[in-house]
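Data block below; observations after.
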Amino acid sequence: MAKVLIIGAGGVGGVVTHKCAQLTEVFEEIVLASRTEEKCRHIAAQLDRPIETAQVDADNVPELVALINRVKPDLVINVALPYQDLTIMDACLEAGVNYLDTANYEPLDTAKFEYSWQWAYQDKFKEAGLMALLGSGFDPGATNVFTAYIAKHYFDEIHTLDIIDVNGGDHGYPFATNFNPEINIREVTAECRHWENGEFVTTPAMSTKQSFTCPDGVGTYNIYRMYHEELESLVKNFPSLKRAQFWMSFGESYLKHLEVLGNVGMTGIEPVEFNGQQIVPIQFLKRLLPDPASLGPRTKGKTCIGCVVTGVKDGKPKTVYLYNICDHQACYAEVQSQAISYTTGVPAMIGAKMMLEGKWQQAGVWNMEQMDPDPFMEDMNKYGLPWAVIEEPGFDLV
Ligand code: NDP
């Protein structure tokens, strides 16, 4: 029986709150706080049980500390934006409470994806006897746990990892992003980095693609190699990996729009002066694009996200693919959200559950693959993200 404070009332915040609210036996009390309290109240009104809402500016540590001290949660679930990770971690340390997030810290003025800032909190959390669980979404999150599970149960040593994230959903707009547009566009326009023979190799964004056929009739999609933050912790925690890559599917229309927007400067993160005002182009673009939270009712199709791992078992080479398929419309029917927020929010709830039940409880700052994957994987099957394994899938991957 525990009390959680969820910070952030966007697409992911909505799903985490729904999923926690479904599990009264674990999440006895829930407080949902965000910059715009009206959005918290909107989510609260969708639930079958009452929860408290609050307003907070998560960039402001004293305000956060005051809220945490008033609410006295056992855990803070951070599903605001990556810019707020450090302020929320600071507030958790000051107020003496455990922490969980779904995305690594990013400074507002540089699109830089790395764990260095958050890993630097290791000693502080250890000394305080508190736990910070990093990246408990789908990717990062479930993909880290999938890798740990495959390594634990199928191999003596793993050698290559390909994380493949396919979104076969269609929302009917010529261009929209499935989660926060600013974060999404910063990520996909960043240079690609993949791990090869002991170092990260840099290539231009979207310069390597291949075709991938998902299992169970989800379809065939073009997937593009890009950098994704879980690669950093996975290659550190699985040093036997000789190569690690991340792939994501994109439709032609999405890529064409992104190219044009990039060419005209609309995806820039540096402020420009307009009519006497400083405007950050990507933030202005976010204002014009559909709110990801509004895509739920109109998105049809499925996501298919999984890990292909090669390595050796009993001296013999083998390949294992572990994946989840999630249906956008089924997610909407359950929690009024599309599958991208759903596949992030469910692992956030499960990560929180692992911590609150003491199954994952260790002072310090941890990535998901450092924990025992088994209870998490069991809960993925129970709470809406069932997975399957194909041994020797016969993929012909680059
Ligand atoms: P949204 O933009 O939909 O929601 C973000 C929420 O955070 C909004 O409610 C926003 O408030 C709130 N917020 C922003 N700044 C502040 C602040 N200073 N103080 C308080 N609240 C604030 O984003 P998503 O729900 O799509 O994403 C949430 C998180 O999940 C992000 O960190 C994202 O990177 C991560 N994510 C992780 C994935 C994974 O698989 N690991 C996949 C998808 C997302 P307001 O409504 O006022 O703007």
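Each chain of the structure tokens is named A, B, ... in the order shown, its residues numbered from 1; ligands are numbered from 1 in display order.
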
Which residues in segment 58-193 of chain A does DSSP call strand (DSSP E)? List them as a PDB file with N, CA and C atoms, in the first residue's frame.
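File out.pdb, as written:
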```pdb
ATOM      1  N   LEU A  75       6.996   7.590  -3.523  1.00  0.00           N
ATOM      2  CA  LEU A  75       7.729   7.622  -4.793  1.00  0.00           C
ATOM      3  C   LEU A  75       7.215   8.780  -5.645  1.00  0.00           C
ATOM      4  N   VAL A  76       8.144   9.447  -6.339  1.00  0.00           N
ATOM      5  CA  VAL A  76       7.754  10.454  -7.336  1.00  0.00           C
ATOM      6  C   VAL A  76       7.949   9.845  -8.721  1.00  0.00           C
ATOM      7  N   ILE A  77       6.886   9.840  -9.528  1.00  0.00           N
ATOM      8  CA  ILE A  77       6.968   9.356 -10.912  1.00  0.00           C
ATOM      9  C   ILE A  77       7.046  10.592 -11.808  1.00  0.00           C
ATOM     10  N   ASN A  78       8.203  10.783 -12.436  1.00  0.00           N
ATOM     11  CA  ASN A  78       8.403  11.967 -13.263  1.00  0.00           C
ATOM     12  C   ASN A  78       8.062  11.666 -14.718  1.00  0.00           C
ATOM     13  N   ASN A  98      11.942   8.420  -3.068  1.00  0.00           N
ATOM     14  CA  ASN A  98      12.440   7.712  -4.250  1.00  0.00           C
ATOM     15  C   ASN A  98      11.931   8.359  -5.537  1.00  0.00           C
ATOM     16  N   TYR A  99      12.638   8.061  -6.657  1.00  0.00           N
ATOM     17  CA  TYR A  99      12.418   8.755  -7.922  1.00  0.00           C
ATOM     18  C   TYR A  99      12.373   7.766  -9.078  1.00  0.00           C
ATOM     19  N   LEU A 100      11.518   8.063 -10.076  1.00  0.00           N
ATOM     20  CA  LEU A 100      11.474   7.252 -11.311  1.00  0.00           C
ATOM     21  C   LEU A 100      11.202   8.191 -12.485  1.00  0.00           C
ATOM     22  N   ASP A 101      11.845   7.951 -13.640  1.00  0.00           N
ATOM     23  CA  ASP A 101      11.488   8.730 -14.843  1.00  0.00           C
ATOM     24  C   ASP A 101      11.449   7.834 -16.068  1.00  0.00           C
ATOM     25  N   MET A 131      16.376   5.452  -3.922  1.00  0.00           N
ATOM     26  CA  MET A 131      16.557   4.841  -5.239  1.00  0.00           C
ATOM     27  C   MET A 131      16.033   5.767  -6.335  1.00  0.00           C
ATOM     28  N   ALA A 132      16.801   5.868  -7.432  1.00  0.00           N
ATOM     29  CA  ALA A 132      16.320   6.557  -8.637  1.00  0.00           C
ATOM     30  C   ALA A 132      16.361   5.535  -9.766  1.00  0.00           C
ATOM     31  N   LEU A 133      15.207   5.276 -10.362  1.00  0.00           N
ATOM     32  CA  LEU A 133      15.132   4.332 -11.479  1.00  0.00           C
ATOM     33  C   LEU A 133      14.986   5.148 -12.762  1.00  0.00           C
ATOM     34  N   LEU A 134      15.956   4.989 -13.682  1.00  0.00           N
ATOM     35  CA  LEU A 134      15.982   5.829 -14.884  1.00  0.00           C
ATOM     36  C   LEU A 134      15.395   5.105 -16.095  1.00  0.00           C
ATOM     37  N   GLU A 157      26.524 -15.554 -23.548  1.00  0.00           N
ATOM     38  CA  GLU A 157      27.125 -14.245 -23.831  1.00  0.00           C
ATOM     39  C   GLU A 157      26.390 -13.622 -25.014  1.00  0.00           C
ATOM     40  N   ILE A 158      26.059 -12.329 -24.920  1.00  0.00           N
ATOM     41  CA  ILE A 158      25.375 -11.689 -26.058  1.00  0.00           C
ATOM     42  C   ILE A 158      26.375 -10.830 -26.842  1.00  0.00           C
ATOM     43  N   HIS A 159      26.209 -10.836 -28.172  1.00  0.00           N
ATOM     44  CA  HIS A 159      27.184 -10.144 -29.034  1.00  0.00           C
ATOM     45  C   HIS A 159      26.599  -8.967 -29.808  1.00  0.00           C
ATOM     46  N   THR A 160      25.379  -9.111 -30.323  1.00  0.00           N
ATOM     47  CA  THR A 160      24.785  -7.964 -31.032  1.00  0.00           C
ATOM     48  C   THR A 160      23.365  -7.737 -30.527  1.00  0.00           C
ATOM     49  N   LEU A 161      22.968  -6.457 -30.591  1.00  0.00           N
ATOM     50  CA  LEU A 161      21.611  -6.076 -30.177  1.00  0.00           C
ATOM     51  C   LEU A 161      21.054  -5.112 -31.204  1.00  0.00           C
ATOM     52  N   ASP A 162      19.859  -5.403 -31.718  1.00  0.00           N
ATOM     53  CA  ASP A 162      19.132  -4.467 -32.572  1.00  0.00           C
ATOM     54  C   ASP A 162      17.774  -4.226 -31.938  1.00  0.00           C
ATOM     55  N   ILE A 163      17.547  -2.994 -31.513  1.00  0.00           N
ATOM     56  CA  ILE A 163      16.239  -2.638 -30.965  1.00  0.00           C
ATOM     57  C   ILE A 163      15.431  -2.077 -32.129  1.00  0.00           C
ATOM     58  N   ILE A 164      14.248  -2.649 -32.361  1.00  0.00           N
ATOM     59  CA  ILE A 164      13.450  -2.233 -33.526  1.00  0.00           C
ATOM     60  C   ILE A 164      12.087  -1.739 -33.061  1.00  0.00           C
ATOM     61  N   ASP A 165      11.826  -0.473 -33.332  1.00  0.00           N
ATOM     62  CA  ASP A 165      10.602   0.185 -32.871  1.00  0.00           C
ATOM     63  C   ASP A 165       9.771   0.548 -34.092  1.00  0.00           C
ATOM     64  N   VAL A 166       8.723  -0.229 -34.321  1.00  0.00           N
ATOM     65  CA  VAL A 166       7.842   0.024 -35.466  1.00  0.00           C
ATOM     66  C   VAL A 166       6.516   0.572 -34.961  1.00  0.00           C
ATOM     67  N   ASN A 167       6.103   1.688 -35.528  1.00  0.00           N
ATOM     68  CA  ASN A 167       4.762   2.183 -35.262  1.00  0.00           C
ATOM     69  C   ASN A 167       3.969   2.092 -36.553  1.00  0.00           C
ATOM     70  N   CYS A 192      23.090  10.203 -35.984  1.00  0.00           N
ATOM     71  CA  CYS A 192      22.929   8.808 -35.548  1.00  0.00           C
ATOM     72  C   CYS A 192      24.233   8.333 -34.906  1.00  0.00           C
ATOM     73  N   ARG A 193      24.109   7.578 -33.811  1.00  0.00           N
ATOM     74  CA  ARG A 193      25.279   6.926 -33.231  1.00  0.00           C
ATOM     75  C   ARG A 193      24.912   5.485 -32.936  1.00  0.00           C
TER      76      ARG A 193
END
```

Chain A near ligand 1 within 8 Å: what's each residue's closest atom pair and its distance in Å to one decimal, counting only C-alpha atoms and all ligand atoms, ordered by chain then ascending residue number, as CSV?
```
residue,atom,partner,partner_atom_place_in_ligand_line,distance
A:Ile7,CA,ligand 1,21 (N),6.4
A:Gly8,CA,ligand 1,7 (O),3.8
A:Ala9,CA,ligand 1,9 (O),3.5
A:Gly10,CA,ligand 1,4 (O),3.2
A:Gly11,CA,ligand 1,25 (O),3.8
A:Val12,CA,ligand 1,25 (O),3.7
A:Gly13,CA,ligand 1,25 (O),5.5
A:Gly14,CA,ligand 1,25 (O),7.5
A:Ala33,CA,ligand 1,20 (C),7.3
A:Ser34,CA,ligand 1,21 (N),4.0
A:Arg35,CA,ligand 1,20 (C),3.7
A:Thr36,CA,ligand 1,47 (O),4.2
A:Glu37,CA,ligand 1,47 (O),7.7
A:Lys39,CA,ligand 1,46 (O),6.3
A:Cys40,CA,ligand 1,9 (O),7.8
A:Gln55,CA,ligand 1,20 (C),7.6
A:Val56,CA,ligand 1,20 (C),5.4
A:Asp57,CA,ligand 1,19 (N),3.7
A:Ala58,CA,ligand 1,19 (N),3.6
A:Asp59,CA,ligand 1,18 (N),4.6
A:Asn60,CA,ligand 1,18 (N),7.6
A:Asn78,CA,ligand 1,29 (C),7.7
A:Val79,CA,ligand 1,29 (C),4.5
A:Ala80,CA,ligand 1,7 (O),3.3
A:Leu81,CA,ligand 1,32 (O),3.7
A:Pro82,CA,ligand 1,32 (O),4.4
A:Tyr83,CA,ligand 1,15 (N),7.7
A:Gln84,CA,ligand 1,18 (N),6.4
A:Asp101,CA,ligand 1,32 (O),7.5
A:Thr102,CA,ligand 1,41 (N),4.6
A:Ala103,CA,ligand 1,34 (O),5.0
A:Asn104,CA,ligand 1,32 (O),7.6
A:Gly135,CA,ligand 1,41 (N),5.7
A:Ser136,CA,ligand 1,41 (N),6.2
A:Gly137,CA,ligand 1,41 (N),3.6
A:Phe138,CA,ligand 1,40 (O),3.7
A:Asp139,CA,ligand 1,40 (O),3.9
A:Pro140,CA,ligand 1,41 (N),4.4
A:Gly141,CA,ligand 1,41 (N),5.8
A:Ala142,CA,ligand 1,40 (O),7.9
A:Asn178,CA,ligand 1,26 (O),7.3
A:Phe179,CA,ligand 1,26 (O),3.8
A:Asn180,CA,ligand 1,2 (O),4.2
A:Pro181,CA,ligand 1,2 (O),7.5
A:Ile183,CA,ligand 1,34 (O),6.0
A:Asn184,CA,ligand 1,34 (O),7.6
A:Asp291,CA,ligand 1,3 (O),7.4
A:Pro292,CA,ligand 1,3 (O),6.3
A:Ala293,CA,ligand 1,3 (O),6.2
A:Ile340,CA,ligand 1,43 (C),6.4
A:Ser341,CA,ligand 1,43 (C),6.0
A:Thr343,CA,ligand 1,40 (O),6.8
A:Thr344,CA,ligand 1,40 (O),4.6
```

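Across the model, the gap from atom CA of Asp156 of chain A to atom CA of Val312 of chain A is 5.9 Å.
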
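The shortest atom-to-atom distance to Lys209 of chain A, with only C-alpha atoms taken into account, belongs to A:Val398 out of A:Tyr332, A:Val398, A:Ala120, A:Pro107.
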
Point to revise | Of the listed residues A:Met1, A:Val145, A:Leu86, A:Leu288, that which approaches Asp379 of chain A most closely, counting only C-alpha atoms | key: A:Val145

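Distances here use only C-alpha atoms; by that measure, the residue among A:Val97, A:Leu289, A:Ala2, A:Val218 closest to Asp327 of chain A is A:Val218.
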
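Among A:Ala151, A:Ile279, A:Leu285, A:Cys307, the residue with the shortest atom-to-atom distance to Ala244 of chain A, counting only C-alpha atoms, is A:Cys307.
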
Check your understanding: Neighbours of Cys214 of chain A within 10 Å (only C-alpha atoms; same-chain residues fewer than 6 positions away dropped), as a ChimeraX atom specification?
Key -> /A:164,166,168,220-221,303-306,323,325,395
